[in-house]
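Below is one structure, written out as C-alpha cells; comments come after it.
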Amino acid sequence: MRTLDAGGETLEPGRGPHDSGAGAGVEEPPFLAACFGRPASRVPVWFMRQAGRSLPEYRALRRDGAILDAIRNPELAAELTLQPVRRYGVDAAILFSDIVVPVAAMGLGVDVVAGRGPVVAEPFRSEADLGRLRPFAPEIDTPYVLETVRILAGELDVPLIGFAGAPFTVASYLVEGGPSRTFAATKRLMTSDPETWHALTDALAETALAFLRAQVAAGARAVQLFDSWAGALSPAQYRAAALPAARKVLEGLADLGVPRIHFGVGTGELLADMAAAGADVVGVDWRVPLSVARRRVGERPALQGNLDPAICLAPWEVVQRECRSVLAELGGEPGHVFNLGHGVLPETDPDILARVVDLVHEEGRRGSGA
Ligand code: 1CP
C-alpha cells in the first residue's frame, strides 16, 4: 500500500510538479503541495530529528545499541521512523538514518560515537587520501537502507523524506575527523589544495546523488540535502567550495520530479545561492525571519522552517506565540512547510511538539491557499 488519500486512491511516488493528480479527484498530500508552492488544505509540519532521544519510545527501543547498527536493521529503522509519525501526526516522515551512512559503508573508517557524533579514524588531509574513495553502489553498499525505505513506503500514509549529507558537510567530517567548531582543517584543505578539495566534494556529490536516487526508486517521495554546516562559509567561500557539488546533487535529481529540500544552519547569507543550486524548498534556521528569507530567495522556492528548537523548552504560552509569529511571517501564502530551524533538542517534551502540530494544522489552515 502506498500513501492513501481520503478517497482510497493510490498515489505513486515520484509524481511530478505538474502532475498532482488533483484533477483526478485525488488530494495531493499537503506536504508535497507546499513543497511545490501549490495551495494545500493545511500548512504541513514535520520536525528535523523528530525521531530520537526526546521520545521515550525511542529510548526504550534503542537502549545502548550503536546508531549505525540500528540503521543496519531495517525493521528497527522503520519502526524508529514511524514512532514520531504516530505520536505527532506530522505530515511527513524522515528516514531513520544518518548523513555518514554511505561513507561508513564505503569503508572509510567512519563511526558514530554516542554523545559526540561522527568520527573518522584517519581523517582526509591530502591528495593521497583520494585513493581511499571508490564509487558508491547503494544496492550493494547499503541494501538495508533501501529495505527500510521499502518497508516504510508500504506502511506510511504520509510521504517519506529520504536524505543525504551534502558534499561540503560530509567532507567536513572526513577532513576534521569529527565534529568541529572552526572547520580549520577543512578550510585549510579548501584554500591550500582546491583541486583535492574539488575532487573530494565531487566524489561525495556522486555518492549523495546515487544514494538519493536509490531512495526515491525504493519509495521516498521527497529528499532533503543536509548541508548543516555550510553556514561556516562566507558567500564567496560557499560559491567556490560548496555550491558546485551541492548543485550537482540537486540538479541530478531534477528528472525524478520529487521535491528537493536544501537545508543548512546559519545560512542566512547563503539562502539565495542555496535556492539557485536547484532546490524546490529552502530550509531556513531561526536566525532569519521567513519574510526576509522570502525576499532573499525570490518567489519560486518554498520555505521550510523556522521555529527555534529551544523555544520548545519554554512554557506553552510562549511556544504558541512563537508558532503564530512563524506562521504570520509568510502571510498565509502557499509554499510554507512548518519545521524547526534545526533538530529537536533531546530535552524537548514530546507533548509540546504534539501541540505545535495541532496548532499549525488548526491555525495554518486559513492561510494555506485552500
Ligand atoms: O545514538 C544516537 O541516537 C545518536 C544521535 C543521532 C541520531 C538520532 C545521530 C548521531 N544521528 C541520528 C539520526 C539522524 N541523523 C537522523 C534521523 C532522525 C530524524 O531526523 O528523525 C538524521 C536526519 C540525521 C542527519 C544528520 N546527522 C545531520 C544533519 C542534520 C543536522 O542535525 O544538521 C548531521 C549533521 C549528522 C551528524 C551527526 N550524527 C549524529 C550526531 C550527534 C551528529 C551531529 C554531530 C555534530 O554536531 O557535528
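Naming works like this for the C-alpha cells: A, B, ... for the chains as they're shown, residue 1 at the start of each chain, ligands 1 onward in shown order.
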Alpha helix (DSSP H) per DSSP on the backbone: members of stretch 160-333 of chain A, as JSON, numbers by chain = {"A": [167, 168, 169, 170, 171, 172, 173, 174, 175, 176, 184, 185, 186, 187, 188, 189, 190, 191, 192, 194, 195, 196, 197, 198, 199, 200, 201, 202, 203, 204, 205, 206, 207, 208, 209, 210, 211, 212, 213, 214, 215, 216, 217, 218, 235, 236, 237, 238, 239, 240, 241, 243, 244, 245, 246, 247, 248, 249, 250, 251, 271, 272, 273, 274, 275, 276, 290, 291, 292, 293, 294, 295, 296, 297, 316, 317, 318, 319, 320, 321, 322, 323, 324, 325, 326, 327, 328, 329]}
ask   = ligand 1: which residues are within 7 Å, counting only C-alpha atoms and all ligand atoms, as a PyMOL selection string?
value = chain A and resi 48-53+66-67+81+94-100+112+114-118+163+165+178-180+226+228+264+342-343
message = Report, in Å to a single decimal, how far apart atom CA of A:Ser41 and atom CA of A:Glu28 are.
response =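 Separation of atom CA of A:Glu28 and atom CA of A:Ser41: 9.1 Å.
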task = Choose the residue, out of A:Ser54, A:Ser126, A:Asn339, A:Thr169, that has the smallest atom-to-atom separation from A:Leu225; count only C-alpha atoms.
result = A:Thr169
Closest pair table for stretch 148-252 of chain A residues within 9 Å of stretch 71-77 of chain A, only C-alpha atoms, as JSON lines:
```
{"residue": "A:Thr148", "atom": "CA", "partner": "A:Pro74", "partner_atom": "CA", "distance": 4.5}
{"residue": "A:Val149", "atom": "CA", "partner": "A:Pro74", "partner_atom": "CA", "distance": 8.3}
{"residue": "A:Ile151", "atom": "CA", "partner": "A:Glu75", "partner_atom": "CA", "distance": 7.8}
```
